[in-house]
file data.cif (mmCIF, C-alpha atoms)
data_coords
loop_
_atom_site.label_atom_id
_atom_site.label_comp_id
_atom_site.auth_asym_id
_atom_site.auth_seq_id
_atom_site.Cartn_x
_atom_site.Cartn_y
_atom_site.Cartn_z
CA MET O 1 -28.18 19.11 -33.30
CA GLU O 2 -30.55 20.48 -35.90
CA LYS O 3 -33.68 18.43 -36.53
CA GLU O 4 -35.30 18.88 -39.91
CA TYR O 5 -38.61 17.56 -38.53
CA GLU O 6 -38.86 20.62 -36.28
CA ASP O 7 -39.69 22.68 -39.37
CA ILE O 8 -43.28 21.42 -39.59
CA PRO O 9 -45.88 23.87 -38.31
CA GLY O 10 -48.19 22.95 -35.45
CA THR O 11 -46.39 19.64 -34.95
CA LEU O 12 -44.27 18.18 -32.14
CA VAL O 13 -42.42 15.05 -33.23
CA PHE O 14 -42.11 12.72 -30.23
CA ASP O 15 -38.41 11.86 -30.31
CA ALA O 16 -36.00 10.64 -27.62
CA ASP O 17 -35.51 14.16 -26.21
CA ARG O 18 -39.25 14.59 -25.71
CA SER O 19 -39.55 11.03 -24.45
CA ARG O 20 -36.93 11.68 -21.75
CA GLU O 21 -38.59 14.89 -20.66
CA GLY O 22 -42.07 13.38 -20.61
CA TYR O 23 -41.29 9.99 -19.11
CA HIS O 24 -43.10 10.31 -15.77
CA LEU O 25 -45.92 12.32 -17.31
CA ASN O 26 -46.49 9.63 -19.92
CA GLN O 27 -46.23 6.84 -17.34
CA PHE O 28 -48.88 8.60 -15.27
CA CYS O 29 -51.15 8.91 -18.32
CA ILE O 30 -50.84 5.24 -19.28
CA SER O 31 -51.68 4.19 -15.72
CA LEU O 32 -55.19 5.52 -16.39
CA ARG O 33 -55.67 2.76 -18.94
CA LEU O 34 -56.88 0.54 -16.10
CA ARG O 35 -60.18 1.08 -14.32
CA VAL O 36 -58.75 0.50 -10.85
CA ASN O 37 -56.32 3.39 -11.39
CA ARG O 38 -58.93 5.64 -12.94
CA ASP O 39 -61.05 5.12 -9.83
CA LYS O 40 -58.13 6.06 -7.56
CA PHE O 41 -57.36 9.13 -9.67
CA HIS O 42 -60.99 10.27 -9.44
CA GLN O 43 -60.92 10.05 -5.66
CA ASP O 44 -57.97 12.44 -5.27
CA GLU O 45 -56.08 13.67 -8.33
CA GLU O 46 -53.35 15.48 -6.40
CA ALA O 47 -52.62 12.49 -4.18
CA TYR O 48 -52.56 10.15 -7.16
CA LEU O 49 -50.06 12.38 -8.97
CA ASN O 50 -47.65 12.20 -6.04
CA ALA O 51 -46.64 8.74 -7.21
CA TYR O 52 -45.23 10.23 -10.43
CA PRO O 53 -42.18 12.50 -10.05
CA MET O 54 -43.02 14.89 -12.85
CA SER O 55 -42.06 18.56 -13.01
CA PRO O 56 -44.30 21.19 -11.36
CA GLU O 57 -45.20 22.48 -14.84
CA GLN O 58 -46.23 19.02 -16.02
CA ARG O 59 -48.25 18.44 -12.87
CA GLU O 60 -50.04 21.75 -13.29
CA ALA O 61 -50.78 21.02 -16.96
CA VAL O 62 -52.33 17.69 -15.93
CA LEU O 63 -54.52 19.24 -13.23
CA LYS O 64 -55.60 22.08 -15.53
CA ARG O 65 -56.00 19.77 -18.56
CA GLU O 66 -53.82 22.00 -20.73
CA TRP O 67 -53.66 19.58 -23.64
CA ASN O 68 -51.16 21.42 -25.84
CA ARG O 69 -48.94 22.28 -22.90
CA LEU O 70 -48.82 18.59 -22.00
CA LEU O 71 -47.37 17.87 -25.46
CA GLU O 72 -44.93 20.80 -25.23
CA LEU O 73 -43.68 19.34 -21.93
CA GLY O 74 -42.86 15.92 -23.37
CA GLY O 75 -46.26 14.25 -23.41
CA ASN O 76 -47.17 12.06 -26.35
CA ILE O 77 -50.64 12.10 -27.82
CA TYR O 78 -51.20 8.35 -27.36
CA TYR O 79 -50.50 8.85 -23.65
CA THR O 80 -52.32 12.14 -23.12
CA SER O 81 -55.32 10.63 -24.93
CA LYS O 82 -55.62 8.20 -21.98
CA LEU O 83 -56.15 11.21 -19.69
CA ALA O 84 -58.64 12.57 -22.23
CA ALA O 85 -60.47 9.21 -22.34
CA ASN O 86 -60.63 9.31 -18.56
CA ASP O 87 -62.40 12.68 -18.93
CA GLY O 88 -64.76 11.30 -21.59
CA ILE O 89 -63.03 13.17 -24.44
CA ASN O 90 -62.45 11.13 -27.59
CA PHE O 91 -59.64 11.65 -30.13
CA GLN O 92 -61.68 13.87 -32.41
CA ASN O 93 -62.89 16.18 -29.66
CA LEU O 94 -59.37 16.31 -28.23
CA ALA O 95 -58.12 17.43 -31.64
CA GLY O 96 -60.87 20.07 -31.67
CA ILE O 97 -59.45 21.43 -28.41
CA MET O 98 -55.75 21.23 -29.41
CA THR O 99 -56.32 23.05 -32.70
CA GLY O 100 -58.26 25.80 -30.94
CA MET O 101 -61.11 25.24 -33.39
CA GLY O 102 -63.58 23.68 -31.00
CA ARG O 103 -65.48 20.48 -31.43
CA GLU O 104 -68.04 21.49 -34.06
CA ASP O 105 -65.75 23.46 -36.37
CA TYR O 106 -63.13 20.73 -36.24
CA ARG O 107 -65.65 18.02 -37.02
CA LYS O 108 -66.92 20.05 -39.94
CA MET O 109 -63.38 20.55 -41.27
CA MET O 110 -62.87 16.78 -41.21
CA LEU O 111 -66.18 16.14 -42.98
CA ASP O 112 -65.09 18.64 -45.63
CA GLY O 113 -61.92 16.62 -46.30
CA GLY O 114 -59.63 17.61 -43.44
CA ARG O 115 -56.89 20.22 -43.13
CA PRO O 116 -55.27 20.62 -46.55
CA ILE O 117 -51.53 20.13 -46.97
CA LYS O 118 -51.17 23.36 -48.93
CA GLY O 119 -49.85 26.09 -46.66
CA ASN O 120 -49.21 23.59 -43.85
CA ARG O 121 -45.82 22.11 -44.75
CA TYR O 122 -43.27 24.56 -43.32
CA LYS O 123 -43.21 26.84 -40.29
CA SER O 124 -42.56 29.83 -42.56
CA GLU O 125 -46.03 29.27 -44.03
CA TRP O 126 -47.67 29.80 -40.64
CA GLY O 127 -45.70 32.76 -39.36
CA LYS O 128 -45.80 33.00 -35.57
CA GLU O 129 -47.64 30.10 -33.93
CA MET Z 1 -45.59 -25.84 -47.08
CA ALA Z 2 -47.30 -22.62 -45.98
CA ARG Z 3 -48.21 -20.15 -48.73
CA ILE Z 4 -48.85 -16.40 -48.64
CA THR Z 5 -51.88 -15.98 -50.87
CA ALA Z 6 -52.70 -12.32 -50.23
CA GLY Z 7 -51.54 -9.06 -48.71
CA ILE Z 8 -53.96 -6.55 -47.21
CA GLY Z 9 -53.38 -2.91 -46.37
CA CYS Z 10 -55.88 -1.39 -43.98
CA SER Z 11 -56.28 1.62 -41.68
CA HIS Z 12 -56.95 0.76 -38.05
CA VAL Z 13 -58.85 3.87 -36.91
CA PRO Z 14 -60.18 3.15 -33.38
CA ALA Z 15 -63.47 4.96 -34.08
CA ILE Z 16 -64.29 2.32 -36.75
CA GLY Z 17 -64.17 -0.31 -34.01
CA VAL Z 18 -66.27 1.85 -31.71
CA ALA Z 19 -68.88 2.36 -34.46
CA MET Z 20 -69.13 -1.43 -34.88
CA ASP Z 21 -69.18 -2.12 -31.14
CA LEU Z 22 -71.99 0.38 -30.62
CA GLY Z 23 -73.94 -0.71 -33.71
CA ASN Z 24 -73.64 2.70 -35.42
CA THR Z 25 -72.46 1.45 -38.81
CA HIS Z 26 -75.62 2.52 -40.63
CA GLU Z 27 -75.42 6.12 -39.49
CA PRO Z 28 -74.82 8.53 -42.40
CA TYR Z 29 -71.34 9.36 -41.07
CA TRP Z 30 -70.25 5.70 -41.10
CA GLN Z 31 -72.31 4.26 -43.91
CA PRO Z 32 -69.80 5.10 -46.71
CA VAL Z 33 -66.97 3.51 -44.70
CA PHE Z 34 -68.74 0.20 -44.21
CA GLU Z 35 -70.19 0.24 -47.72
CA GLY Z 36 -66.59 0.53 -48.91
CA PHE Z 37 -65.57 -2.57 -46.97
CA LYS Z 38 -68.57 -4.65 -48.07
CA LYS Z 39 -66.86 -6.16 -51.13
CA SER Z 40 -63.71 -6.78 -49.11
CA ARG Z 41 -65.71 -8.80 -46.61
CA GLU Z 42 -67.14 -10.90 -49.43
CA TRP Z 43 -63.63 -11.41 -50.78
CA GLN Z 44 -62.45 -12.32 -47.27
CA LYS Z 45 -65.18 -14.95 -46.95
CA GLU Z 46 -64.25 -16.55 -50.26
CA ASN Z 47 -60.53 -16.43 -49.53
CA ASN Z 48 -60.37 -16.96 -45.78
CA PRO Z 49 -56.84 -17.94 -44.68
CA ASP Z 50 -55.76 -20.33 -41.95
CA VAL Z 51 -53.40 -17.76 -40.49
CA ILE Z 52 -53.16 -13.97 -40.58
CA PHE Z 53 -49.77 -12.34 -40.06
CA MET Z 54 -50.76 -8.94 -38.67
CA VAL Z 55 -48.31 -6.05 -38.79
CA TYR Z 56 -49.64 -3.28 -36.56
CA ASN Z 57 -48.61 -0.88 -33.87
CA ASP Z 58 -49.45 -0.72 -30.22
CA HIS Z 59 -50.76 2.70 -29.13
CA CYS Z 60 -49.14 2.83 -25.69
CA THR Z 61 -51.38 0.05 -24.47
CA ALA Z 62 -49.37 -3.17 -24.10
CA PHE Z 63 -46.12 -1.18 -24.07
CA ASP Z 64 -45.66 1.82 -21.82
CA ALA Z 65 -42.71 4.20 -22.08
CA SER Z 66 -40.48 1.83 -20.09
CA CYS Z 67 -39.93 -0.55 -22.99
CA ILE Z 68 -40.07 0.37 -26.68
CA PRO Z 69 -39.14 -2.54 -28.95
CA THR Z 70 -38.84 -1.64 -32.63
CA PHE Z 71 -40.20 -5.03 -33.73
CA ALA Z 72 -42.02 -7.34 -31.27
CA LEU Z 73 -43.42 -10.69 -32.41
CA GLY Z 74 -46.36 -12.19 -30.54
CA CYS Z 75 -45.49 -15.76 -29.57
CA ALA Z 76 -48.09 -16.28 -26.80
CA ALA Z 77 -50.89 -18.83 -27.16
CA ASP Z 78 -53.48 -16.06 -27.24
CA PHE Z 79 -53.88 -12.31 -26.86
CA GLN Z 80 -56.62 -10.57 -24.89
CA PRO Z 81 -58.17 -7.37 -26.26
CA ALA Z 82 -56.85 -4.59 -23.99
CA ASP Z 83 -58.61 -1.92 -22.00
CA GLU Z 84 -57.45 1.27 -23.72
CA GLY Z 85 -59.07 3.59 -21.23
CA PHE Z 86 -62.76 2.93 -21.69
CA GLY Z 87 -63.05 -0.85 -21.32
CA PRO Z 88 -61.83 -3.62 -23.67
CA ARG Z 89 -63.51 -3.98 -27.09
CA PRO Z 90 -66.22 -6.69 -26.95
CA VAL Z 91 -64.47 -8.91 -29.50
CA PRO Z 92 -63.15 -12.48 -29.24
CA VAL Z 93 -59.77 -13.33 -27.81
CA VAL Z 94 -57.14 -13.53 -30.57
CA LYS Z 95 -55.61 -16.99 -30.93
CA ASN Z 96 -52.10 -17.51 -32.25
CA HIS Z 97 -50.57 -20.25 -34.40
CA GLN Z 98 -47.95 -20.51 -31.73
CA LYS Z 99 -45.72 -23.07 -33.42
CA MET Z 100 -45.58 -21.08 -36.63
CA ALA Z 101 -44.89 -17.87 -34.69
CA SER Z 102 -41.92 -19.54 -32.99
CA HIS Z 103 -40.66 -20.77 -36.34
CA ILE Z 104 -40.88 -17.24 -37.77
CA ALA Z 105 -39.09 -15.78 -34.72
CA GLN Z 106 -36.20 -18.22 -35.14
CA SER Z 107 -35.99 -17.70 -38.87
CA LEU Z 108 -35.99 -13.89 -38.54
CA ILE Z 109 -33.27 -13.85 -35.90
CA LEU Z 110 -31.06 -16.16 -37.96
CA ASP Z 111 -31.74 -13.80 -40.87
CA GLU Z 112 -30.30 -11.02 -38.66
CA PHE Z 113 -33.54 -9.27 -37.73
CA ASP Z 114 -33.16 -8.98 -33.96
CA ILE Z 115 -36.79 -9.00 -32.97
CA THR Z 116 -38.30 -9.04 -29.49
CA ILE Z 117 -40.30 -12.14 -28.52
CA MET Z 118 -43.54 -11.50 -26.63
CA ASN Z 119 -44.81 -14.46 -24.61
CA GLU Z 120 -47.49 -12.35 -22.97
CA MET Z 121 -49.18 -9.41 -24.63
CA GLU Z 122 -52.54 -7.69 -24.80
CA VAL Z 123 -53.61 -6.29 -28.15
CA ASP Z 124 -55.28 -2.97 -28.85
CA HIS Z 125 -57.40 -1.51 -31.66
CA GLY Z 126 -54.38 -1.52 -33.97
CA LEU Z 127 -54.82 -5.28 -34.27
CA THR Z 128 -58.52 -5.85 -33.63
CA VAL Z 129 -59.95 -3.12 -35.89
CA PRO Z 130 -58.51 -4.58 -39.13
CA LEU Z 131 -59.96 -7.97 -38.12
CA SER Z 132 -63.36 -6.36 -37.49
CA VAL Z 133 -63.16 -4.49 -40.78
CA MET Z 134 -62.55 -7.68 -42.75
CA TYR Z 135 -64.75 -10.10 -40.78
CA GLY Z 136 -67.60 -7.89 -39.58
CA GLU Z 137 -69.21 -8.15 -36.16
CA ILE Z 138 -68.25 -11.27 -34.23
CA PRO Z 139 -69.61 -11.74 -30.71
CA GLN Z 140 -67.17 -11.71 -27.85
CA ASP Z 141 -67.84 -15.37 -27.04
CA GLY Z 142 -67.36 -16.33 -30.69
CA ALA Z 143 -64.04 -16.91 -32.49
CA TRP Z 144 -62.10 -15.08 -35.17
CA PRO Z 145 -62.19 -17.18 -38.35
CA ALA Z 146 -58.37 -17.32 -38.57
CA LEU Z 147 -55.39 -17.66 -36.25
CA VAL Z 148 -53.37 -14.45 -35.90
CA ILE Z 149 -49.62 -13.88 -35.50
CA PRO Z 150 -49.07 -10.28 -34.35
CA LEU Z 151 -46.01 -8.23 -35.21
CA CYS Z 152 -45.88 -4.99 -33.31
CA VAL Z 153 -43.85 -2.11 -34.79
CA ASN Z 154 -42.80 1.01 -32.90
CA VAL Z 155 -44.17 4.06 -34.69
CA VAL Z 156 -44.84 6.10 -31.55
CA GLN Z 157 -41.35 7.28 -30.60
CA TYR Z 158 -39.28 8.73 -33.44
CA PRO Z 159 -37.69 7.16 -35.33
CA ALA Z 160 -39.86 4.32 -36.52
CA PRO Z 161 -37.91 1.72 -38.49
CA THR Z 162 -37.21 2.92 -42.04
CA GLY Z 163 -39.39 1.91 -44.96
CA ASN Z 164 -36.40 0.06 -46.36
CA ARG Z 165 -35.93 -1.92 -43.15
CA CYS Z 166 -39.64 -2.74 -43.06
CA TYR Z 167 -39.64 -3.87 -46.68
CA ASN Z 168 -36.64 -6.13 -46.10
CA LEU Z 169 -38.17 -7.50 -42.91
CA GLY Z 170 -41.22 -8.34 -45.02
CA LYS Z 171 -38.97 -10.32 -47.37
CA ALA Z 172 -37.56 -12.25 -44.42
CA ILE Z 173 -41.06 -12.91 -43.05
CA GLY Z 174 -42.13 -14.17 -46.47
CA LYS Z 175 -39.16 -16.53 -46.52
CA ALA Z 176 -39.92 -17.75 -42.99
CA ILE Z 177 -43.59 -18.41 -43.75
CA LYS Z 178 -42.81 -20.25 -47.00
CA SER Z 179 -40.36 -22.51 -45.20
CA TYR Z 180 -42.93 -23.59 -42.59
CA ASP Z 181 -43.69 -27.25 -43.07
CA GLU Z 182 -47.48 -27.31 -42.92
CA ASP Z 183 -49.96 -26.76 -45.72
CA LEU Z 184 -51.43 -23.43 -44.60
CA LYS Z 185 -52.90 -20.45 -46.39
CA VAL Z 186 -51.54 -17.20 -44.95
CA HIS Z 187 -52.57 -13.56 -45.40
CA ILE Z 188 -50.29 -10.74 -44.36
CA TYR Z 189 -51.63 -7.35 -43.22
CA GLY Z 190 -49.98 -3.95 -43.16
CA THR Z 191 -52.10 -1.63 -41.05
CA GLY Z 192 -52.33 2.00 -39.97
CA GLY Z 193 -52.60 5.34 -41.70
CA MET Z 194 -53.32 6.73 -44.14
CA SER Z 195 -52.58 10.45 -43.81
CA HIS Z 196 -53.50 11.77 -40.38
CA GLN Z 197 -52.26 13.94 -37.57
CA LEU Z 198 -53.81 13.49 -34.14
CA GLN Z 199 -51.78 16.00 -32.16
CA TYR Z 200 -51.16 19.66 -31.56
CA LYS Z 201 -52.19 22.60 -33.74
CA ARG Z 202 -51.91 20.94 -37.15
CA ALA Z 203 -54.22 18.05 -36.13
CA GLY Z 204 -56.66 17.06 -38.84
CA LEU Z 205 -54.19 17.11 -41.71
CA ILE Z 206 -55.29 14.95 -44.65
CA ASN Z 207 -53.36 14.61 -47.91
CA PRO Z 208 -55.39 12.60 -50.46
CA GLU Z 209 -52.90 13.12 -53.31
CA TRP Z 210 -50.10 11.71 -51.21
CA ASP Z 211 -52.27 8.78 -50.12
CA LYS Z 212 -53.29 7.92 -53.68
CA ASP Z 213 -49.68 8.10 -54.85
CA PHE Z 214 -48.67 5.80 -51.98
CA LEU Z 215 -51.27 3.20 -52.98
CA ASP Z 216 -50.27 3.45 -56.67
CA ARG Z 217 -46.60 2.98 -55.92
CA LEU Z 218 -47.21 0.21 -53.39
CA THR Z 219 -48.59 -1.72 -56.34
CA SER Z 220 -46.20 -0.66 -59.08
CA ASP Z 221 -42.96 0.51 -57.44
CA PRO Z 222 -42.72 -0.96 -53.93
CA VAL Z 223 -38.93 -0.85 -53.74
CA GLY Z 224 -38.75 2.79 -54.81
CA LEU Z 225 -41.54 3.66 -52.38
CA SER Z 226 -39.76 1.95 -49.50
CA GLN Z 227 -36.89 4.46 -49.86
CA MET Z 228 -39.08 7.40 -48.78
CA PRO Z 229 -37.41 9.26 -45.86
CA HIS Z 230 -39.27 9.78 -42.56
CA ILE Z 231 -39.45 13.55 -42.99
CA GLU Z 232 -41.73 13.09 -45.99
CA TYR Z 233 -44.22 10.97 -44.01
CA LEU Z 234 -44.18 13.45 -41.12
CA ARG Z 235 -44.56 16.54 -43.27
CA GLU Z 236 -46.83 15.25 -46.06
CA ALA Z 237 -48.92 12.59 -44.30
CA GLY Z 238 -48.98 14.04 -40.76
CA SER Z 239 -47.09 13.07 -37.62
CA GLU Z 240 -49.14 9.87 -37.24
CA GLY Z 241 -49.00 9.15 -40.99
CA VAL Z 242 -45.59 7.58 -40.33
CA GLU Z 243 -47.60 4.43 -39.48
CA MET Z 244 -47.57 3.80 -43.22
CA VAL Z 245 -44.09 2.26 -42.93
CA MET Z 246 -45.89 -0.88 -41.73
CA TRP Z 247 -47.46 -1.37 -45.16
CA HIS Z 248 -43.95 -1.97 -46.56
CA VAL Z 249 -43.59 -5.08 -44.38
CA MET Z 250 -46.72 -6.49 -46.01
CA ARG Z 251 -45.62 -5.59 -49.53
CA GLY Z 252 -42.12 -6.98 -48.93
CA ALA Z 253 -43.55 -10.36 -47.95
CA LEU Z 254 -45.36 -10.66 -51.29
CA ASN Z 255 -43.83 -11.65 -54.59
CA ASP Z 256 -43.04 -9.11 -57.30
CA ASP Z 257 -45.92 -10.58 -59.28
CA ILE Z 258 -49.14 -9.49 -57.60
CA THR Z 259 -52.62 -8.38 -58.66
CA GLU Z 260 -54.35 -5.47 -56.99
CA VAL Z 261 -57.90 -6.78 -56.66
CA ARG Z 262 -59.46 -4.15 -54.41
CA ARG Z 263 -58.92 -0.57 -53.32
CA PHE Z 264 -60.94 1.79 -51.17
CA TYR Z 265 -60.27 5.30 -49.92
CA HIS Z 266 -62.47 7.54 -47.79
CA VAL Z 267 -62.18 10.74 -45.78
CA PRO Z 268 -62.89 11.02 -42.91
CA ALA Z 269 -63.10 8.45 -40.17
CA SER Z 270 -62.65 10.58 -37.07
CA ASN Z 271 -59.29 12.33 -37.74
CA THR Z 272 -58.07 10.00 -40.43
CA ALA Z 273 -58.07 9.09 -44.11
CA VAL Z 274 -59.18 5.46 -44.44
CA GLY Z 275 -57.15 3.50 -46.97
CA HIS Z 276 -57.50 -0.10 -47.96
CA ILE Z 277 -55.96 -2.34 -50.60
CA ILE Z 278 -55.94 -6.07 -51.36
CA PHE Z 279 -53.20 -7.82 -53.34
CA GLU Z 280 -53.47 -11.38 -54.49
CA ASN Z 281 -50.06 -12.98 -54.47
CA HIS Z 282 -48.85 -15.13 -57.36
CA ALA Z 283 -46.52 -17.99 -56.70
#

call {"tool": "encode", "arguments": {"input": "data.cif", "output": "structure tokens"}}
result
Amino acid sequence: MEKEYEDIPGTLVFDADRSREGYHLNQFCISLRLRVNRDKFHQDEEAYLNAYPMSPEQREAVLKREWNRLLELGGNIYYTSKLAANDGINFQNLAGIMTGMGREDYRKMMLDGGRPIKGNRYKSEWGKE
Amino acid sequence: MARITAGIGCSHVPAIGVAMDLGNTHEPYWQPVFEGFKKSREWQKENNPDVIFMVYNDHCTAFDASCIPTFALGCAADFQPADEGFGPRPVPVVKNHQKMASHIAQSLILDEFDITIMNEMEVDHGLTVPLSVMYGEIPQDGAWPALVIPLCVNVVQYPAPTGNRCYNLGKAIGKAIKSYDEDLKVHIYGTGGMSHQLQYKRAGLINPEWDKDFLDRLTSDPVGLSQMPHIEYLREAGSEGVEMVMWHVMRGALNDDITEVRRFYHVPASNTAVGHIIFENHA
């Protein structure tokens, strides 16, 4: 089934298909909301992840902190941001990483008014991502 | 009978709460944001309601992926501020008007809005930041100056409820509140937005023209505005800009005859355009 919201560049809309794929990944991420779980995760990340039957690719993306890959594999930003928070990375710095701009350039773009809508509406405007 | 005397639209950017909790509001980065809310806080003091009906979204805090209600009404006696990954916000517990919440739940269901009833729920920045914005710093052992009935809307997993559905739900909430047999002053909040995208390679998108048009039409053409399809929010206001559907619930609960008494817009707060509007409601 064609999804018109897939024609937005640099954007992954978290729909039911992504939600199904990312279920265990997202449930792992939200578990880090609580301090007791964060402490357990810090002790042994690999062992902690065994409780969540995610795919090998998802597991690797968690361990390597591949933030965009996590989203491509069904993660949702409100969940993956819990893993980022665990690592001491706030939303703005996470966005700096995901956009490939880095923390300082991203922060400066936001201070200058953010990413403009012009040229950022359709995939055809970006060419190959 | 209870009366809705005002509707408030307000972003709920978590970093605004963090800035207040850490006492950073006078820093140059934050100063314009809090300056912008100064008059709103004065207005709030003069017009403080008995009850706030707060339309907001949970950010995968109280709800994990196992349960995703489209509309969930808080009917518990109180709601604790949640740990969102770095400790709970140091703000007071949120107290409900439990009897009124139950009345609204019944009225909505009989009006064919099949909402979920929450008898236990923690609340995240989506709910506490708008309170902080309007009331200023309140110590954790203090009390919010109004009771709060939370309505949680799913905007995380596509699709969020349509603008039309939200607007009509607002009408039904308005009807439920006005039929509550106690002389209470009620404010209704629509929170979230404005334009922002938090994820992936297009993160940082801001669309001030779209935001301004949204605020204009919320005042002058709310029914027309409520017909906007989801693709327009996602494309024009960013993947997280779809939160703006929650403002339609607020507008729907007000009468046609309103006065816009306050508006504020600022870019940026973290990744987001901060938008704020106050409507006084005429009987």

call {"tool": "resolve_selection", "arguments": {"input": "data.cif", "expression": "the PyMOL selection byres ((chain Z and resi 76) around 8)", "output": "list of chain:residue names"}}
result
Z:Gly74, Z:Cys75, Z:Ala77, Z:Asp78, Z:Phe79, Z:Asn96, Z:Gln98, Z:Met118, Z:Asn119, Z:Glu120, Z:Met121

call {"tool": "resolve_selection", "arguments": {"input": "data.cif", "expression": "the PyMOL selection byres ((chain Z and resi 15) around 10)", "output": "list in words"}}
result
Asn90, Phe91 and Gln92 of chain O; His12, Val13, Pro14, Ile16, Gly17, Val18, Ala19, Met20, Asp21, Trp30, His125, Val129, Ala269, Ser270, Asn271 and Thr272 of chain Z

call {"tool": "interface_residues", "arguments": {"input": "data.cif", "of": "chain O", "to": "chain Z", "cutoff": "7 Å", "atoms": "only C-alpha atoms", "output": "PyMOL selection string"}}
result
chain O and resi 5+8-11+13-16+23+26-27+30+32-34+68+77-79+82+85-86+92+95+98-99+110-111+113-117+121

call {"tool": "resolve_selection", "arguments": {"input": "data.cif", "expression": "the PyMOL selection byres ((chain Z and resi 161-168) around 8)", "output": "ChimeraX atom specification"}}
result
/Z:70,153-155,159-160,169-172,223,225-230,245-246,248-253

call {"tool": "atom_distance", "arguments": {"input": "data.cif", "atom1": "CA of Met244 in chain Z", "atom2": "CA of Gly88 in chain O"}}
result
28.6 Å

call {"tool": "closest_residue", "arguments": {"input": "data.cif", "among": "Z:Cys67, Z:Val94, Z:Ala105, Z:Val123", "to": "Trp144 in chain Z", "atoms": "all atoms listed in the file"}}
result
Z:Val94

call {"tool": "axis_aligned_box", "arguments": {"input": "data.cif", "around": "range 254-270 of chain Z", "padding_each_side": "5 Å", "output": "lines of an AutoDock Vina configuration file"}}
result
center_x = -53.1
center_y = -0.3
center_z = -48.2
size_x = 30.1
size_y = 32.7
size_z = 32.2

call {"tool": "residues_around", "arguments": {"input": "data.cif", "residues": "range 36-53 of chain Z", "least_positions_apart": "6", "cutoff": "6 Å", "atoms": "all atoms listed in the file", "output": "ChimeraX atom specification"}}
result
/Z:134,146-149,184-188

call {"tool": "closest_residue", "arguments": {"input": "data.cif", "among": "O:Met54, O:Asp87, O:Arg18, O:Leu12", "to": "Asp39 in chain O", "atoms": "all atoms listed in the file"}}
result
O:Asp87

call {"tool": "atom_distance", "arguments": {"input": "data.cif", "atom1": "CA of Asp211 in chain Z", "atom2": "CA of Gly126 in chain Z"}}
result
19.3 Å

call {"tool": "atom_distance", "arguments": {"input": "data.cif", "atom1": "CA of Pro150 in chain Z", "atom2": "CA of Thr5 in chain Z"}}
result
17.7 Å

call {"tool": "decode", "arguments": {"input": "data.cif", "residues": "range 142-153 of chain Z", "atoms": "N, CA and C atoms", "output": "PDB file, in the first residue's frame"}}
result
ATOM      1  N   GLY Z 142       4.947  22.340  47.440  1.00  0.00           N
ATOM      2  CA  GLY Z 142       3.833  23.277  47.343  1.00  0.00           C
ATOM      3  C   GLY Z 142       2.648  22.631  46.633  1.00  0.00           C
ATOM      4  N   ALA Z 143       1.761  23.453  46.065  1.00  0.00           N
ATOM      5  CA  ALA Z 143       0.584  22.914  45.379  1.00  0.00           C
ATOM      6  C   ALA Z 143       0.313  23.741  44.128  1.00  0.00           C
ATOM      7  N   TRP Z 144      -0.097  23.099  43.065  1.00  0.00           N
ATOM      8  CA  TRP Z 144      -0.548  23.836  41.881  1.00  0.00           C
ATOM      9  C   TRP Z 144      -1.800  24.629  42.264  1.00  0.00           C
ATOM     10  N   PRO Z 145      -1.937  25.837  41.759  1.00  0.00           N
ATOM     11  CA  PRO Z 145      -3.082  26.669  42.166  1.00  0.00           C
ATOM     12  C   PRO Z 145      -4.432  26.255  41.567  1.00  0.00           C
ATOM     13  N   ALA Z 146      -4.478  25.163  40.822  1.00  0.00           N
ATOM     14  CA  ALA Z 146      -5.765  24.682  40.294  1.00  0.00           C
ATOM     15  C   ALA Z 146      -5.738  23.155  40.273  1.00  0.00           C
ATOM     16  N   LEU Z 147      -6.933  22.565  40.303  1.00  0.00           N
ATOM     17  CA  LEU Z 147      -7.041  21.124  40.069  1.00  0.00           C
ATOM     18  C   LEU Z 147      -6.891  20.878  38.562  1.00  0.00           C
ATOM     19  N   VAL Z 148      -6.445  19.686  38.196  1.00  0.00           N
ATOM     20  CA  VAL Z 148      -6.160  19.409  36.782  1.00  0.00           C
ATOM     21  C   VAL Z 148      -6.781  18.075  36.364  1.00  0.00           C
ATOM     22  N   ILE Z 149      -7.568  18.121  35.277  1.00  0.00           N
ATOM     23  CA  ILE Z 149      -8.094  16.892  34.668  1.00  0.00           C
ATOM     24  C   ILE Z 149      -7.303  16.649  33.387  1.00  0.00           C
ATOM     25  N   PRO Z 150      -6.503  15.576  33.345  1.00  0.00           N
ATOM     26  CA  PRO Z 150      -5.681  15.329  32.154  1.00  0.00           C
ATOM     27  C   PRO Z 150      -6.413  14.505  31.087  1.00  0.00           C
ATOM     28  N   LEU Z 151      -6.260  14.930  29.851  1.00  0.00           N
ATOM     29  CA  LEU Z 151      -6.699  14.107  28.723  1.00  0.00           C
ATOM     30  C   LEU Z 151      -5.487  13.867  27.833  1.00  0.00           C
ATOM     31  N   CYS Z 152      -5.159  12.603  27.721  1.00  0.00           N
ATOM     32  CA  CYS Z 152      -3.958  12.203  27.015  1.00  0.00           C
ATOM     33  C   CYS Z 152      -4.344  11.772  25.607  1.00  0.00           C
ATOM     34  N   VAL Z 153      -3.679  12.302  24.591  1.00  0.00           N
ATOM     35  CA  VAL Z 153      -4.005  11.999  23.189  1.00  0.00           C
ATOM     36  C   VAL Z 153      -2.808  11.309  22.541  1.00  0.00           C
TER      37      VAL Z 153
END
